[in-house]
Amino acid sequence: MFYRENGQFKTTYKSDQQVFAIPQDRWAILAIIAFAFLGIPLLVDEYIFRAILIPFLILSLAALGVNILVGYCGQITLGAGAFMAVGAYAAYNFLIRVSGMPALGAILLGGLTAAAVGIVFGIPSLRVRGLYLAVATLAAQFFCDWAFLRVKWFTNDSSSGSVSVADISLMGWTINSATDKYLFCLGILVVFSLMAKNLVRSAIGRQWMAIRDMDVAATVIGIRPMYAKLSAFAVSSFYVGVAGGLWGFVHLGSWEPAAFSIDRSFQLLFMVIIGGMGSIAGSFFGAAFIVILPIFLNQMLPLIGGLFGLEVSIALVAHVEIMVFGALIIFFLIVEPHGIARLWSTGREKLRLWPFPH
Amino acid sequence: MSFFLETLLGGLMSGMLYSLVALGFVLIYKASGVFNFAQGAMVLFAALSMARFSEWIPEWLGMDNLLMANLLAIVVSVVVMFAVAWLIERLVLRHLVNQEGATLLMATLGIGYFLDGLGQTVFGSDIYKIDVGMPKEPVMMLESVFEGGILINKEDFVAALISAMLVLALTIFFQKTSTGRALRAVADDHQAAQSIGIPLGRIWVIVWCVAGITALVAGIIWGSKLGVQFSLQTVALRALPVVILGGLTSVPGAIIGGLIIGVGEKLSEVFLGPYVGGGIEIWFAYMLALMFLLFRPQGLFGEKIIYRD
């Protein structure tokens, strides 16, 4: 079956407004989701779950959030790690301070708290843009780093801000094995991605994009910049906060503020830029790239060193890893500044014309 | 009183070092509109190269003259930083002309990662020391003015002197030489500069070279104070609020902003810190910058424009 949309006529409003208008796309997405739910748990071992798949899912969710802010609303943020931290610690506090609080409820409330904090730190975006805003969001990063390290109330009086959460459960389903955790994260990610996909093509998403493309023009046609920008901050921080809660509760189990340091913020921004700004699929590509690359380099470098008869020490691997990571990022930015999502859409364009490109 | 003065002076000294790093930011931003997140990595790289070459050169040449070794090491490090600047223009910036700000920002982050990795691969990752013969012993001052006097490191004084000289040299370079004028022309308007025949590519190399030299000076001073180690790299993040406070396009702003931030950090840590649990100097500078952004977005000395991107 060719990947083609000619001959497919949209005869109803419903079919015109579908999320995935082309049936091939729709079936492909459904097949991927079904495979992710049913196929992968049978095929993959514990190490891959813990090292690759669970981080990938959670960071994709965070990247989605950052992409809503950076890619769709055009507000650069370097404080995503801070909102992850807010989400994680708020969820922790809801869990231990409110008796009978379900874990999922705590994570969602953590996300809401992150949204509130995001609105506060989004206020400078009403005055400044671009790089200045990036620095303003760095303030959020450093303030949160400090707050969770020093203010004992947030961490239930634990030293050095490290907290831990026992196995969580969802309506009688105890999530403790790697497969359970994977399925839990996957479920949340699917729901949230669908929500994001619909949000960005709704009225509010169009407002964000109008603000991103030219805010003066957007104001002229009656979009309130304050509402649009702050709502983007809120939604983005909610996503990132939920991802932070999942990262703490599901992936790490016990964590300290360093888990959400500034490097995490940079990492999330890298995901968005490399994956593709203003693209839902791009968030997934970017997250996959950033999660898999270090593991790949870690495995490959000793092998490559071995080929040339070199003894590669662990420290050297770590340094060369950073080096190659930086070089690859530059390479990617030069070759495809619009990210992997653009490659993907070019590929789809080619596929549409195949096998007769002229 | 003497404690207050000591804190104040300590703040001024560290503020001056922030100014040095902030200067690197401002120079590159003015000339090319690139916000150089790799400045911290450049400081680390320069300091590492300085520390290691001053160790290696006596070994290679079999001499034990500290002064000669240090001078040679500085020369070699300057050459290294020039090479880095040239490579950055050649391999990265040239290919990213006319890209969005975010892309360029990411590219400099990539450069930063690369330099971090490269520096530690080539020069090693232990803690090294730079010994350029700075006087270490503290001196008492103003004993006649009030009781006890204040304790000052001679090293800090020398460092302040060196930075002041660097700033003076940069000012002369920018105001008096033809290259400096070309740099200012590019900073004002890329297209106009290009249309009167100023080669943009070469100007960018020169600017990155100058930033490399300020990185080297900052690296030597910080390195001889605290030792050369990976944490030196975070100094760029400490210096970021400085440029916001002073204005991204203003050299005097970078210096005065640095001093304000340095003093503010130290004073707030000493007098405010104990009430909220300490360690507030990390975010105090950022909060100060945030306040400035809200009420005076162009910074102290920046050019007033309605929109800033």
# chains A, B, ... in the order shown; residues from 1 in each chain; ligands from 1
call {"tool": "interface_residues", "arguments": {"of": "chain B", "to": "chain A", "cutoff": "9 Å", "atoms": "only C-alpha atoms", "output": "PyMOL selection string"}}
result
chain B and resi 35+92+95-96+99+101-121+124-125+237+240-241+244+276-280+282-287+289-291+293-295+297+307-309
call {"tool": "residues_around", "arguments": {"residues": "Leu53 of chain A", "least_positions_apart": "4", "cutoff": "9 Å", "atoms": "only C-alpha atoms", "output": "NGL selection string"}}
result
:A and (48-49 or 57-58 or 182 or 288 or 291)
call {"tool": "residues_around", "arguments": {"residues": "Gly253 of chain B", "least_positions_apart": "2", "cutoff": "10 Å", "atoms": "only C-alpha atoms", "output": "list in words"}}
result
Ser19, Ala22, Leu23, Val26, Val242, Val243, Ile244, Leu245, Gly246, Gly247, Leu248, Thr249, Ser250, Val251, Ile255, Ile256, Gly257, Gly258, Leu259, Gly299, Leu300, Phe301 and Gly302 of chain B
call {"tool": "write_last_selection", "arguments": {"atoms": "N, CA and C atoms", "output": "short mmCIF file (atom, residue, chain, number, x, y, z; two decimals), in the first residue's frame"}}
result
data_model
loop_
_atom_site.label_atom_id
_atom_site.label_comp_id
_atom_site.auth_asym_id
_atom_site.auth_seq_id
_atom_site.Cartn_x
_atom_site.Cartn_y
_atom_site.Cartn_z
N SER B 19 33.48 40.30 36.30
CA SER B 19 33.54 41.27 35.21
C SER B 19 34.38 40.74 34.06
N ALA B 22 32.34 38.32 32.25
CA ALA B 22 31.24 39.02 31.59
C ALA B 22 31.74 39.79 30.38
N LEU B 23 32.96 40.30 30.47
CA LEU B 23 33.56 41.02 29.36
C LEU B 23 33.62 40.14 28.12
N VAL B 26 30.19 40.01 26.59
CA VAL B 26 29.79 41.26 25.95
C VAL B 26 30.51 41.44 24.62
N VAL B 242 25.52 39.20 35.60
CA VAL B 242 26.29 40.44 35.47
C VAL B 242 25.96 41.14 34.16
N VAL B 243 25.93 40.35 33.07
CA VAL B 243 25.68 41.00 31.79
C VAL B 243 24.25 41.50 31.70
N ILE B 244 23.33 40.81 32.39
CA ILE B 244 21.96 41.29 32.37
C ILE B 244 21.87 42.62 33.12
N LEU B 245 22.56 42.64 34.26
CA LEU B 245 22.54 43.86 35.07
C LEU B 245 23.20 45.01 34.34
N GLY B 246 24.34 44.74 33.73
CA GLY B 246 25.09 45.81 33.11
C GLY B 246 24.62 46.15 31.71
N GLY B 247 23.87 45.25 31.11
CA GLY B 247 23.47 45.46 29.72
C GLY B 247 24.38 44.62 28.83
N LEU B 248 23.77 43.91 27.89
CA LEU B 248 24.53 42.95 27.10
C LEU B 248 25.49 43.62 26.13
N THR B 249 25.29 44.91 25.88
CA THR B 249 26.09 45.53 24.84
C THR B 249 27.06 46.57 25.38
N SER B 250 27.27 46.56 26.69
CA SER B 250 28.05 47.64 27.28
C SER B 250 29.26 47.11 28.03
N VAL B 251 30.46 47.53 27.60
CA VAL B 251 31.68 47.10 28.28
C VAL B 251 31.77 47.69 29.69
N ILE B 255 31.69 45.70 33.64
CA ILE B 255 32.62 45.88 34.77
C ILE B 255 31.86 46.32 36.02
N ILE B 256 31.02 47.36 35.86
CA ILE B 256 30.30 47.86 37.04
C ILE B 256 29.29 46.82 37.52
N GLY B 257 28.61 46.16 36.55
CA GLY B 257 27.67 45.09 36.93
C GLY B 257 28.39 44.01 37.72
N GLY B 258 29.58 43.64 37.26
CA GLY B 258 30.35 42.62 37.97
C GLY B 258 30.63 43.02 39.40
N LEU B 259 31.03 44.28 39.57
CA LEU B 259 31.34 44.74 40.92
C LEU B 259 30.10 44.73 41.79
N GLY B 299 19.05 46.99 31.28
CA GLY B 299 20.22 46.95 32.14
C GLY B 299 20.67 48.35 32.51
N LEU B 300 21.77 48.45 33.20
CA LEU B 300 22.23 49.75 33.65
C LEU B 300 22.68 50.63 32.49
N PHE B 301 23.45 50.04 31.57
CA PHE B 301 24.08 50.85 30.54
C PHE B 301 23.73 50.39 29.13
N GLY B 302 22.84 49.41 29.01
CA GLY B 302 22.55 48.87 27.69
C GLY B 302 21.80 49.88 26.84
#
call {"tool": "residues_around", "arguments": {"residues": "segment 241-246 of chain A", "least_positions_apart": "2", "cutoff": "10 Å", "atoms": "only C-alpha atoms", "output": "PyMOL selection string"}}
result
chain A and resi 54-55+57-65+80-92+103-104+106-115+117-118+181+184-185+188-189+192+235-239+248-253+259-260
call {"tool": "residues_around", "arguments": {"residues": "segment 194-208 of chain B", "least_positions_apart": "2", "cutoff": "7 Å", "atoms": "only C-alpha atoms", "output": "MDAnalysis selection string"}}
result
chainID B and resid 27:28 31:32 85:86 89 182:183 190:192 210:212
call {"tool": "write_last_selection", "arguments": {"atoms": "C-alpha atoms", "output": "compact mmCIF listing (two decimals), in the first residue's frame"}}
result
# COMPACT_ATOMS: atom_id res chain seq x y z
CA LEU B 27 32.61 41.34 23.40
CA ILE B 28 31.24 38.41 21.45
CA ALA B 31 30.31 41.83 17.52
CA SER B 32 28.32 38.85 16.35
CA ALA B 85 38.84 30.91 18.06
CA TRP B 86 39.81 30.32 14.44
CA GLU B 89 34.63 30.49 13.31
CA ALA B 182 36.08 47.82 12.48
CA LEU B 183 34.89 45.75 15.43
CA HIS B 190 26.50 44.09 10.24
CA GLN B 191 25.24 45.06 6.82
CA ALA B 192 26.60 48.58 6.86
CA VAL B 210 39.99 38.68 22.20
CA ALA B 211 37.40 36.73 24.18
CA GLY B 212 39.92 33.90 24.36
call {"tool": "select_by_dssp", "arguments": {"residues": "segment 72-175 of chain A", "states": "alpha helix (DSSP H)", "output": "ChimeraX atom specification"}}
result
/A:80-97,103-122,130-150
call {"tool": "select_by_dssp", "arguments": {"residues": "segment 13-146 of chain B", "states": "strand (DSSP E or B)", "output": "PyMOL selection string"}}
result
chain B and resi 128+138-141
call {"tool": "write_last_selection", "arguments": {"atoms": "C-alpha atoms", "output": "PDB file, in the first residue's frame"}}
result
ATOM      1  CA  TYR B 128      46.153  21.645  38.852  1.00  0.00           C
ATOM      2  CA  PRO B 138      47.816  38.825  53.495  1.00  0.00           C
ATOM      3  CA  VAL B 139      48.523  42.325  54.708  1.00  0.00           C
ATOM      4  CA  MET B 140      46.858  44.467  57.321  1.00  0.00           C
ATOM      5  CA  MET B 141      45.610  47.831  56.197  1.00  0.00           C
TER       6      MET B 141
END
call {"tool": "residues_around", "arguments": {"residues": "Leu183 of chain A", "least_positions_apart": "3", "cutoff": "10 Å", "atoms": "only C-alpha atoms", "output": "CSV table (one decimal) with N, CA and C atoms, in the first residue's frame"}}
result
chain,number,residue,atom,x,y,z
A,36,ALA,N,4.0,-0.8,21.4
A,36,ALA,CA,4.6,-0.3,22.6
A,36,ALA,C,4.0,-0.9,23.9
A,37,PHE,N,2.6,-1.1,23.8
A,37,PHE,CA,2.0,-1.7,25.0
A,37,PHE,C,2.1,-3.2,25.1
A,38,LEU,N,2.0,-3.9,23.9
A,38,LEU,CA,1.9,-5.3,23.9
A,38,LEU,C,3.2,-6.0,23.5
A,40,ILE,N,6.5,-4.7,23.2
A,40,ILE,CA,7.8,-4.4,23.8
A,40,ILE,C,8.0,-5.2,25.1
A,41,PRO,N,6.9,-5.2,26.0
A,41,PRO,CA,7.2,-6.0,27.3
A,41,PRO,C,7.6,-7.4,27.1
A,54,ILE,N,12.4,3.6,30.0
A,54,ILE,CA,11.7,4.4,31.0
A,54,ILE,C,12.3,5.9,31.0
A,57,LEU,N,10.8,7.6,27.9
A,57,LEU,CA,9.4,8.0,28.0
A,57,LEU,C,9.2,9.2,28.9
A,175,ILE,N,3.0,-1.0,41.3
A,175,ILE,CA,4.0,-0.8,40.2
A,175,ILE,C,5.4,-0.9,40.8
A,178,ALA,N,10.0,-3.5,36.4
A,178,ALA,CA,10.4,-2.6,35.4
A,178,ALA,C,9.3,-2.5,34.3
A,179,THR,N,8.7,-3.7,34.0
A,179,THR,CA,7.6,-3.7,33.0
A,179,THR,C,6.4,-2.8,33.5
A,180,ASP,N,6.1,-3.0,34.8
A,180,ASP,CA,5.0,-2.2,35.3
A,180,ASP,C,5.3,-0.7,35.2
A,186,LEU,N,4.2,4.8,30.0
A,186,LEU,CA,3.7,4.8,28.6
A,186,LEU,C,2.3,5.3,28.6
A,187,GLY,N,1.5,4.8,29.5
A,187,GLY,CA,0.0,5.2,29.6
A,187,GLY,C,-0.1,6.7,29.8
A,188,ILE,N,0.7,7.2,30.7
A,188,ILE,CA,0.6,8.7,31.0
A,188,ILE,C,1.1,9.4,29.7
A,189,LEU,N,2.2,8.9,29.1
A,189,LEU,CA,2.7,9.6,28.0
A,189,LEU,C,1.7,9.7,26.8
call {"tool": "atom_distance", "arguments": {"atom1": "atom CA of Ala258 of chain A", "atom2": "atom CA of Phe148 of chain A"}}
result
9.6 Å
call {"tool": "closest_residue", "arguments": {"among": "A:Ser15, A:Ser283, A:Ser254, A:Ser313", "to": "Val163 of chain A", "atoms": "only C-alpha atoms"}}
result
A:Ser254
call {"tool": "closest_residue", "arguments": {"among": "B:Glu281, B:Tyr275, B:Glu100, B:Phe82", "to": "Gly262 of chain B", "atoms": "only C-alpha atoms"}}
result
B:Glu281
call {"tool": "closest_residue", "arguments": {"among": "A:Ala31, A:Asp263, A:Arg97, A:Gly79", "to": "Thr234 of chain B", "atoms": "only C-alpha atoms"}}
result
A:Asp263
call {"tool": "closest_residue", "arguments": {"among": "A:Ala228, A:Val220, A:Ile22, A:Val120", "to": "Gln207 of chain A", "atoms": "only C-alpha atoms"}}
result
A:Ala228
